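Colleague: Let me give you the structure first, and then I'll get to my questions.
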Amino acid sequence: MLFAFGYPTSLLAQSDGGSLLPELEKIARADGDKIFTICEVYNGVSRSAVIRENIRCHNAYSIAKLYTVVALGVMEDKGLLDVDEPVYPILKDYFPENYDPKWKDCKISDVIRHRAGFGTAGFLDIDAENSAKWDRDFLNILLREPLKYAPGEKYVYTDAAFYLASRIASEKCGEKLNEFMIREMLEPMEFAEYAFSTDPQGYPIAATGLYTSTEDLAKLGVMLVNDGVYNGKRILSKEFVDKAFDRTFELYPLKNEGGFCKGGAYGQLLYMNRKTKRVVAVHSYLGNTQDILKYLEENDK
């Protein structure tokens, strides 16, 4: 399947040089039927290999965190927030009476770098726990939690941080994060279909639970490697793109020059290379994305 981003279809045959998809497909097929679809975008053309017949949309799991980072960046570009501003004044009306005073030292950037101060990696993980048994007010669960560490002190990866980012975003933009994201990101990038997991009050979890096709999942990477522009449309400022890569806001550097990735539970992957402009997205269930990443590190130069 071939999809063009801003290229006439007559140019597709002339634009297929340098694709790594055939080799990625071999790696995927050697892994059995665990990988569903691989999408590669290179030289303006999106190509997909369907390894296992599957439904159109899948949970991106933690790749949703990167979408949340970009949404916060769009808000910063619009002057709605500053990612280095403190969290407490934004959410002060929601804190319980006996909240941990360390919250007053926490910044949004601490939250999206998993340095808010949480001590438990699995905190507020809807993919691993039965959230039906939780307090129906997820923000209350989070804000009454004592912080084990001083904000900024220690990296502890947790979904709680990005649910907190969701609620911060809603306070700053005046609507739920998914509503903002659809209007400012997904519709301009021509997403065909999408869905969001939410809390009982309708706020998106933001750490997980973004459902898209593999082709649409790749579009965020395309925008990022093109310095915030997708198909001629400015989605995000180059200044914030540089900040997100430089400060590792859910963008993790690889061994090859320009290579970065963001992964998700059960074998989801978004790979992007700022030097070659190649993007690869994978949806799977327990797929061996480490071998795919290794191949990309060695060959996408």
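Within each chain, counting starts at residue 1; across the structure tokens, chains are named A, B, ... in the order shown, with ligands numbered 1 upward in that order.
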Env of A:Tyr88: 10 Å cut, atoms = only C-alpha atoms, seq-sep filter 4 positions within chain, self excluded. Answer as a list of chain:residue names.
Modeller: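 The filter keeps A:Lys92, A:Asp93, A:Tyr94, A:Phe95, A:Pro101, A:Lys102, A:Trp103, A:Lys104, A:Asp105, A:Cys106, A:Lys107, A:Ile108, A:Ile168.
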Colleague: Report as a list in words all protein, DNA and RNA residues lying within 10 Å of stretch 291-301 of chain A, evaluated on only C-alpha atoms, omitting residues in the same chain fewer than 5 positions from it.
Modeller: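 Non-adjacent residues within range: Gly18, Ser19, Leu20, Glu23, Leu24, Glu25, Lys26, Ile27, Ala28, Asp31, Leu254, Lys255, Asn256, Glu257, Gly258, Gly259, Phe260, Cys261, Leu269, Leu270, Tyr271, Met272, Asn273, Lys275, Thr276, Lys277, Arg278, Val280 and Val282 of chain A.
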Colleague: Export, as a PDB file, in the first residue's frame, the selected residues with C-alpha atoms.
Modeller:
```pdb
ATOM      1  CA  GLY A  18      16.198   3.875  -0.201  1.00  0.00           C
ATOM      2  CA  SER A  19      13.247   2.155   1.442  1.00  0.00           C
ATOM      3  CA  LEU A  20      14.190  -0.150   4.326  1.00  0.00           C
ATOM      4  CA  GLU A  23      14.187  -5.761   5.306  1.00  0.00           C
ATOM      5  CA  LEU A  24      12.000  -4.637   8.196  1.00  0.00           C
ATOM      6  CA  GLU A  25       9.256  -6.899   6.869  1.00  0.00           C
ATOM      7  CA  LYS A  26      11.677  -9.858   6.840  1.00  0.00           C
ATOM      8  CA  ILE A  27      12.568  -9.187  10.484  1.00  0.00           C
ATOM      9  CA  ALA A  28       8.897  -8.995  11.380  1.00  0.00           C
ATOM     10  CA  ASP A  31       9.112 -13.150  14.551  1.00  0.00           C
ATOM     11  CA  LEU A 254      19.514   6.017  19.562  1.00  0.00           C
ATOM     12  CA  LYS A 255      23.022   5.047  18.478  1.00  0.00           C
ATOM     13  CA  ASN A 256      22.723   6.300  14.893  1.00  0.00           C
ATOM     14  CA  GLU A 257      23.069  10.011  14.174  1.00  0.00           C
ATOM     15  CA  GLY A 258      19.655  11.684  14.224  1.00  0.00           C
ATOM     16  CA  GLY A 259      17.832   8.559  15.418  1.00  0.00           C
ATOM     17  CA  PHE A 260      15.181   8.749  18.155  1.00  0.00           C
ATOM     18  CA  CYS A 261      12.336   6.520  19.269  1.00  0.00           C
ATOM     19  CA  LEU A 269       7.139   1.656  18.168  1.00  0.00           C
ATOM     20  CA  LEU A 270       7.613   5.078  16.646  1.00  0.00           C
ATOM     21  CA  TYR A 271      11.078   5.602  15.177  1.00  0.00           C
ATOM     22  CA  MET A 272      12.213   8.859  13.604  1.00  0.00           C
ATOM     23  CA  ASN A 273      15.485  10.195  12.236  1.00  0.00           C
ATOM     24  CA  LYS A 275      18.974  13.510   9.670  1.00  0.00           C
ATOM     25  CA  THR A 276      17.472  11.132   7.082  1.00  0.00           C
ATOM     26  CA  LYS A 277      13.830  12.163   7.742  1.00  0.00           C
ATOM     27  CA  ARG A 278      12.848   8.486   7.866  1.00  0.00           C
ATOM     28  CA  VAL A 280       8.864   3.948  11.024  1.00  0.00           C
ATOM     29  CA  VAL A 282       4.846  -0.432  14.284  1.00  0.00           C
TER      30      VAL A 282
END
```
Colleague: Please identify all polymer residues within 9 Å of A:Asp199, counting only C-alpha atoms, omitting same-chain residues fewer than 2 positions from it, and present them as a VMD selection string.
Modeller: chain A and resid 131 136 to 138 197 201 to 205
Colleague: Can you check which parts of stretch 15-121 of chain A lie within 9 Å of stretch 211-214 of chain A? Per residue, the shortest pair of atoms and distance in Å to one decimal, counting only C-alpha atoms, sorted by chain and number, as JSON lines.
Modeller:
```
{"residue": "A:Thr37", "atom": "CA", "partner": "A:Thr214", "partner_atom": "CA", "distance": 6.6}
{"residue": "A:Ile38", "atom": "CA", "partner": "A:Thr214", "partner_atom": "CA", "distance": 6.9}
{"residue": "A:Cys39", "atom": "CA", "partner": "A:Thr214", "partner_atom": "CA", "distance": 6.2}
{"residue": "A:Ser48", "atom": "CA", "partner": "A:Thr214", "partner_atom": "CA", "distance": 8.3}
{"residue": "A:Ile55", "atom": "CA", "partner": "A:Ser213", "partner_atom": "CA", "distance": 8.6}
{"residue": "A:Arg56", "atom": "CA", "partner": "A:Ser213", "partner_atom": "CA", "distance": 5.4}
{"residue": "A:Cys57", "atom": "CA", "partner": "A:Ser213", "partner_atom": "CA", "distance": 4.3}
{"residue": "A:His58", "atom": "CA", "partner": "A:Tyr211", "partner_atom": "CA", "distance": 5.0}
{"residue": "A:Asn59", "atom": "CA", "partner": "A:Tyr211", "partner_atom": "CA", "distance": 4.4}
{"residue": "A:Ala60", "atom": "CA", "partner": "A:Tyr211", "partner_atom": "CA", "distance": 6.0}
{"residue": "A:Tyr61", "atom": "CA", "partner": "A:Tyr211", "partner_atom": "CA", "distance": 8.3}
{"residue": "A:Ala64", "atom": "CA", "partner": "A:Tyr211", "partner_atom": "CA", "distance": 8.8}
```
Colleague: Any idea what's packed within 8 Å of A:Ala165, counting only C-alpha atoms, ignoring anything in its chain fewer than 3 positions away? Could you give it as a list in words?
Modeller: Thr68, Ile108, Val111, Ile112, Ala161, Phe162, Ile168, Ala169 and Ala206 of chain A
Colleague: What's the separation between atom CA of A:Val225 and atom CA of A:Val279, in Å to one decimal place?
Modeller: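 Between atom CA of A:Val225 and atom CA of A:Val279 the gap is 8.1 Å.
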Colleague: Please provide as number ranges by chain all residues within 9 Å of A:Leu186, with the sequence filter that same-chain residues fewer than 6 positions apart are discarded (counting only C-alpha atoms).
Modeller: A: 192, 194, 216
Colleague: From stretch 33-259 of chain A, collect each residue whose DSSP state is alpha helix (DSSP H) and return the set as number ranges by chain.
Modeller: A: 63-77, 88-91, 108-112, 138-143, 159-173, 177-181, 214-225, 238-246
Colleague: One number please: atom CA of A:Thr248 to atom CA of A:Lys34, in Å, one decimal.
Modeller: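 Computing it gives 28.9 Å between the two atoms.
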Colleague: Report, in Å to a single decimal, how far apart atom CA of A:Val70 and atom CA of A:Phe180 are.
Modeller: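 Atom CA of A:Phe180 sits 11.3 Å away from atom CA of A:Val70.
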Colleague: Would you mind writing down, as a ChimeraX atom specification, each residue of stretch 97-214 of chain A that DSSP on the backbone assigns to strand (DSSP E or B)?
Modeller: /A:107,195-196,198,204,210-212
Colleague: Let me see the file: selected residues, all heavy atoms, as a compact mmCIF listing (two decimals), in the first residue's frame.
Modeller:
```txt
# COMPACT_ATOMS: atom_id res chain seq x y z
N LYS A 107 7.46 21.43 38.44
CA LYS A 107 7.17 22.15 37.20
C LYS A 107 6.57 21.19 36.17
O LYS A 107 6.72 19.97 36.27
CB LYS A 107 8.45 22.77 36.65
CG LYS A 107 9.10 23.80 37.56
CD LYS A 107 10.38 24.35 36.96
CE LYS A 107 11.48 23.31 36.92
NZ LYS A 107 12.78 23.87 36.50
N ALA A 195 -9.37 7.31 18.68
CA ALA A 195 -10.17 7.24 19.90
C ALA A 195 -9.22 7.41 21.08
O ALA A 195 -8.00 7.19 20.96
CB ALA A 195 -10.91 5.92 20.00
N PHE A 196 -9.79 7.80 22.23
CA PHE A 196 -9.00 8.07 23.43
C PHE A 196 -9.61 7.35 24.63
O PHE A 196 -10.82 7.40 24.83
CB PHE A 196 -8.98 9.57 23.75
CG PHE A 196 -8.36 10.43 22.70
CD1 PHE A 196 -9.09 10.85 21.60
CD2 PHE A 196 -7.04 10.83 22.81
CE1 PHE A 196 -8.52 11.66 20.63
CE2 PHE A 196 -6.46 11.64 21.84
CZ PHE A 196 -7.20 12.06 20.75
N THR A 198 -10.38 7.45 28.50
CA THR A 198 -10.59 8.56 29.42
C THR A 198 -10.87 8.06 30.84
O THR A 198 -11.17 6.88 31.05
CB THR A 198 -11.78 9.44 28.98
OG1 THR A 198 -13.00 8.72 29.19
CG2 THR A 198 -11.66 9.86 27.53
N PRO A 204 -8.93 12.62 29.11
CA PRO A 204 -8.08 11.56 28.54
C PRO A 204 -6.95 11.17 29.48
O PRO A 204 -6.38 12.03 30.17
CB PRO A 204 -7.55 12.18 27.24
CG PRO A 204 -7.71 13.64 27.42
CD PRO A 204 -8.89 13.85 28.31
N LEU A 210 -4.40 5.96 23.24
CA LEU A 210 -4.66 6.63 21.96
C LEU A 210 -4.72 5.55 20.88
O LEU A 210 -3.75 4.83 20.68
CB LEU A 210 -3.56 7.64 21.65
CG LEU A 210 -3.60 8.26 20.24
CD1 LEU A 210 -4.88 9.06 20.02
CD2 LEU A 210 -2.37 9.12 20.00
N TYR A 211 -5.85 5.45 20.21
CA TYR A 211 -6.07 4.43 19.19
C TYR A 211 -6.01 5.07 17.81
O TYR A 211 -6.77 6.00 17.51
CB TYR A 211 -7.42 3.76 19.40
CG TYR A 211 -7.51 2.97 20.68
CD1 TYR A 211 -7.73 3.60 21.90
CD2 TYR A 211 -7.36 1.58 20.68
CE1 TYR A 211 -7.80 2.88 23.08
CE2 TYR A 211 -7.43 0.85 21.86
CZ TYR A 211 -7.65 1.51 23.06
OH TYR A 211 -7.71 0.80 24.23
N THR A 212 -5.10 4.57 16.96
CA THR A 212 -4.96 5.07 15.59
C THR A 212 -4.56 3.92 14.67
O THR A 212 -4.19 2.84 15.13
CB THR A 212 -3.86 6.15 15.47
OG1 THR A 212 -2.58 5.52 15.54
CG2 THR A 212 -3.96 7.21 16.56
```
Colleague: Would you mind telling me which residue in A:Glu129, A:Ala150, A:Val229, A:Tyr252 lies nearest to A:Pro188 when using only C-alpha atoms?
Modeller: A:Val229
Colleague: Tell me, as a PDB file with N, CA, C and O atoms, in the first residue's frame, which residues lie within 12 Å of A:Tyr157, counting only C-alpha atoms; anything in the same chain fewer than 3 positions away does not count.
Modeller:
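The result, stored in result_31.pdb:
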```pdb
ATOM      1  N   SER A  62       2.078   3.719  25.328  1.00  0.00           N
ATOM      2  CA  SER A  62       2.840   4.877  25.816  1.00  0.00           C
ATOM      3  C   SER A  62       3.285   5.849  24.731  1.00  0.00           C
ATOM      4  O   SER A  62       3.783   6.936  25.051  1.00  0.00           O
ATOM      5  N   LYS A  65       2.033   9.311  25.114  1.00  0.00           N
ATOM      6  CA  LYS A  65       2.740  10.336  25.889  1.00  0.00           C
ATOM      7  C   LYS A  65       3.400  11.367  24.980  1.00  0.00           C
ATOM      8  O   LYS A  65       3.441  12.561  25.292  1.00  0.00           O
ATOM      9  N   ASP A 110       9.087  18.884  34.824  1.00  0.00           N
ATOM     10  CA  ASP A 110       9.373  17.736  35.690  1.00  0.00           C
ATOM     11  C   ASP A 110       8.384  16.606  35.418  1.00  0.00           C
ATOM     12  O   ASP A 110       8.758  15.425  35.383  1.00  0.00           O
ATOM     13  N   VAL A 111       7.135  16.983  35.223  1.00  0.00           N
ATOM     14  CA  VAL A 111       6.076  15.996  34.994  1.00  0.00           C
ATOM     15  C   VAL A 111       6.336  15.231  33.708  1.00  0.00           C
ATOM     16  O   VAL A 111       6.304  13.987  33.686  1.00  0.00           O
ATOM     17  N   ILE A 112       6.604  15.930  32.606  1.00  0.00           N
ATOM     18  CA  ILE A 112       6.747  15.248  31.315  1.00  0.00           C
ATOM     19  C   ILE A 112       8.127  14.630  31.120  1.00  0.00           C
ATOM     20  O   ILE A 112       8.354  13.958  30.101  1.00  0.00           O
ATOM     21  N   ARG A 113       9.008  14.803  32.103  1.00  0.00           N
ATOM     22  CA  ARG A 113      10.295  14.094  32.094  1.00  0.00           C
ATOM     23  C   ARG A 113      10.323  13.021  33.192  1.00  0.00           C
ATOM     24  O   ARG A 113      11.377  12.504  33.532  1.00  0.00           O
ATOM     25  N   HIS A 114       9.152  12.675  33.727  1.00  0.00           N
ATOM     26  CA  HIS A 114       9.021  11.626  34.751  1.00  0.00           C
ATOM     27  C   HIS A 114       9.882  11.922  35.974  1.00  0.00           C
ATOM     28  O   HIS A 114      10.474  11.035  36.571  1.00  0.00           O
ATOM     29  N   ARG A 115       9.918  13.193  36.349  1.00  0.00           N
ATOM     30  CA  ARG A 115      10.663  13.616  37.531  1.00  0.00           C
ATOM     31  C   ARG A 115       9.788  14.433  38.479  1.00  0.00           C
ATOM     32  O   ARG A 115      10.270  15.321  39.176  1.00  0.00           O
ATOM     33  N   ALA A 116       8.494  14.120  38.489  1.00  0.00           N
ATOM     34  CA  ALA A 116       7.580  14.855  39.368  1.00  0.00           C
ATOM     35  C   ALA A 116       7.826  14.550  40.833  1.00  0.00           C
ATOM     36  O   ALA A 116       7.520  15.364  41.709  1.00  0.00           O
ATOM     37  N   GLY A 117       8.354  13.346  41.116  1.00  0.00           N
ATOM     38  CA  GLY A 117       8.614  12.940  42.497  1.00  0.00           C
ATOM     39  C   GLY A 117       7.902  11.673  42.902  1.00  0.00           C
ATOM     40  O   GLY A 117       8.017  11.220  44.048  1.00  0.00           O
ATOM     41  N   PHE A 118       7.142  11.062  41.971  1.00  0.00           N
ATOM     42  CA  PHE A 118       6.452   9.812  42.272  1.00  0.00           C
ATOM     43  C   PHE A 118       7.465   8.714  42.571  1.00  0.00           C
ATOM     44  O   PHE A 118       8.534   8.658  41.961  1.00  0.00           O
ATOM     45  N   GLY A 119       7.085   7.793  43.459  1.00  0.00           N
ATOM     46  CA  GLY A 119       8.013   6.746  43.857  1.00  0.00           C
ATOM     47  C   GLY A 119       7.696   5.377  43.300  1.00  0.00           C
ATOM     48  O   GLY A 119       8.495   4.458  43.430  1.00  0.00           O
ATOM     49  N   THR A 120       6.524   5.235  42.651  1.00  0.00           N
ATOM     50  CA  THR A 120       6.089   3.914  42.180  1.00  0.00           C
ATOM     51  C   THR A 120       5.907   3.929  40.672  1.00  0.00           C
ATOM     52  O   THR A 120       5.113   4.721  40.145  1.00  0.00           O
ATOM     53  N   ALA A 121       6.633   3.063  39.972  1.00  0.00           N
ATOM     54  CA  ALA A 121       6.607   3.059  38.514  1.00  0.00           C
ATOM     55  C   ALA A 121       5.227   2.722  37.957  1.00  0.00           C
ATOM     56  O   ALA A 121       4.838   3.215  36.907  1.00  0.00           O
ATOM     57  N   GLY A 122       4.469   1.892  38.634  1.00  0.00           N
ATOM     58  CA  GLY A 122       3.180   1.459  38.102  1.00  0.00           C
ATOM     59  C   GLY A 122       1.998   2.314  38.515  1.00  0.00           C
ATOM     60  O   GLY A 122       0.846   1.927  38.303  1.00  0.00           O
ATOM     61  N   PHE A 123       2.242   3.471  39.082  1.00  0.00           N
ATOM     62  CA  PHE A 123       1.181   4.296  39.645  1.00  0.00           C
ATOM     63  C   PHE A 123       0.216   4.783  38.559  1.00  0.00           C
ATOM     64  O   PHE A 123       0.614   5.330  37.553  1.00  0.00           O
ATOM     65  N   LEU A 124      -1.093   4.551  38.783  1.00  0.00           N
ATOM     66  CA  LEU A 124      -2.182   4.986  37.910  1.00  0.00           C
ATOM     67  C   LEU A 124      -2.064   4.385  36.505  1.00  0.00           C
ATOM     68  O   LEU A 124      -2.252   5.059  35.501  1.00  0.00           O
ATOM     69  N   ASP A 125      -1.769   3.116  36.448  1.00  0.00           N
ATOM     70  CA  ASP A 125      -1.586   2.411  35.176  1.00  0.00           C
ATOM     71  C   ASP A 125      -2.872   1.668  34.825  1.00  0.00           C
ATOM     72  O   ASP A 125      -3.139   0.578  35.331  1.00  0.00           O
ATOM     73  N   LYS A 154      14.636  12.587  40.669  1.00  0.00           N
ATOM     74  CA  LYS A 154      14.823  11.201  40.229  1.00  0.00           C
ATOM     75  C   LYS A 154      13.824  10.848  39.123  1.00  0.00           C
ATOM     76  O   LYS A 154      12.642  11.187  39.205  1.00  0.00           O
ATOM     77  N   ALA A 160       1.040   8.025  35.753  1.00  0.00           N
ATOM     78  CA  ALA A 160       0.444   9.090  36.563  1.00  0.00           C
ATOM     79  C   ALA A 160       0.915  10.464  36.094  1.00  0.00           C
ATOM     80  O   ALA A 160       0.144  11.435  36.084  1.00  0.00           O
ATOM     81  N   ALA A 161       2.172  10.564  35.686  1.00  0.00           N
ATOM     82  CA  ALA A 161       2.717  11.853  35.266  1.00  0.00           C
ATOM     83  C   ALA A 161       1.941  12.413  34.083  1.00  0.00           C
ATOM     84  O   ALA A 161       1.633  13.612  34.030  1.00  0.00           O
ATOM     85  N   PHE A 162       1.597  11.553  33.142  1.00  0.00           N
ATOM     86  CA  PHE A 162       0.951  12.067  31.939  1.00  0.00           C
ATOM     87  C   PHE A 162      -0.555  12.223  32.092  1.00  0.00           C
ATOM     88  O   PHE A 162      -1.160  13.037  31.389  1.00  0.00           O
ATOM     89  N   ALA A 207      -1.438   9.157  29.001  1.00  0.00           N
ATOM     90  CA  ALA A 207      -0.249   8.320  29.098  1.00  0.00           C
ATOM     91  C   ALA A 207      -0.358   7.093  28.214  1.00  0.00           C
ATOM     92  O   ALA A 207       0.647   6.459  27.874  1.00  0.00           O
ATOM     93  N   GLU A 250      10.059  12.605  26.065  1.00  0.00           N
ATOM     94  CA  GLU A 250       9.540  11.367  25.470  1.00  0.00           C
ATOM     95  C   GLU A 250      10.149  11.066  24.105  1.00  0.00           C
ATOM     96  O   GLU A 250       9.577  10.321  23.307  1.00  0.00           O
TER      97      GLU A 250
END
```
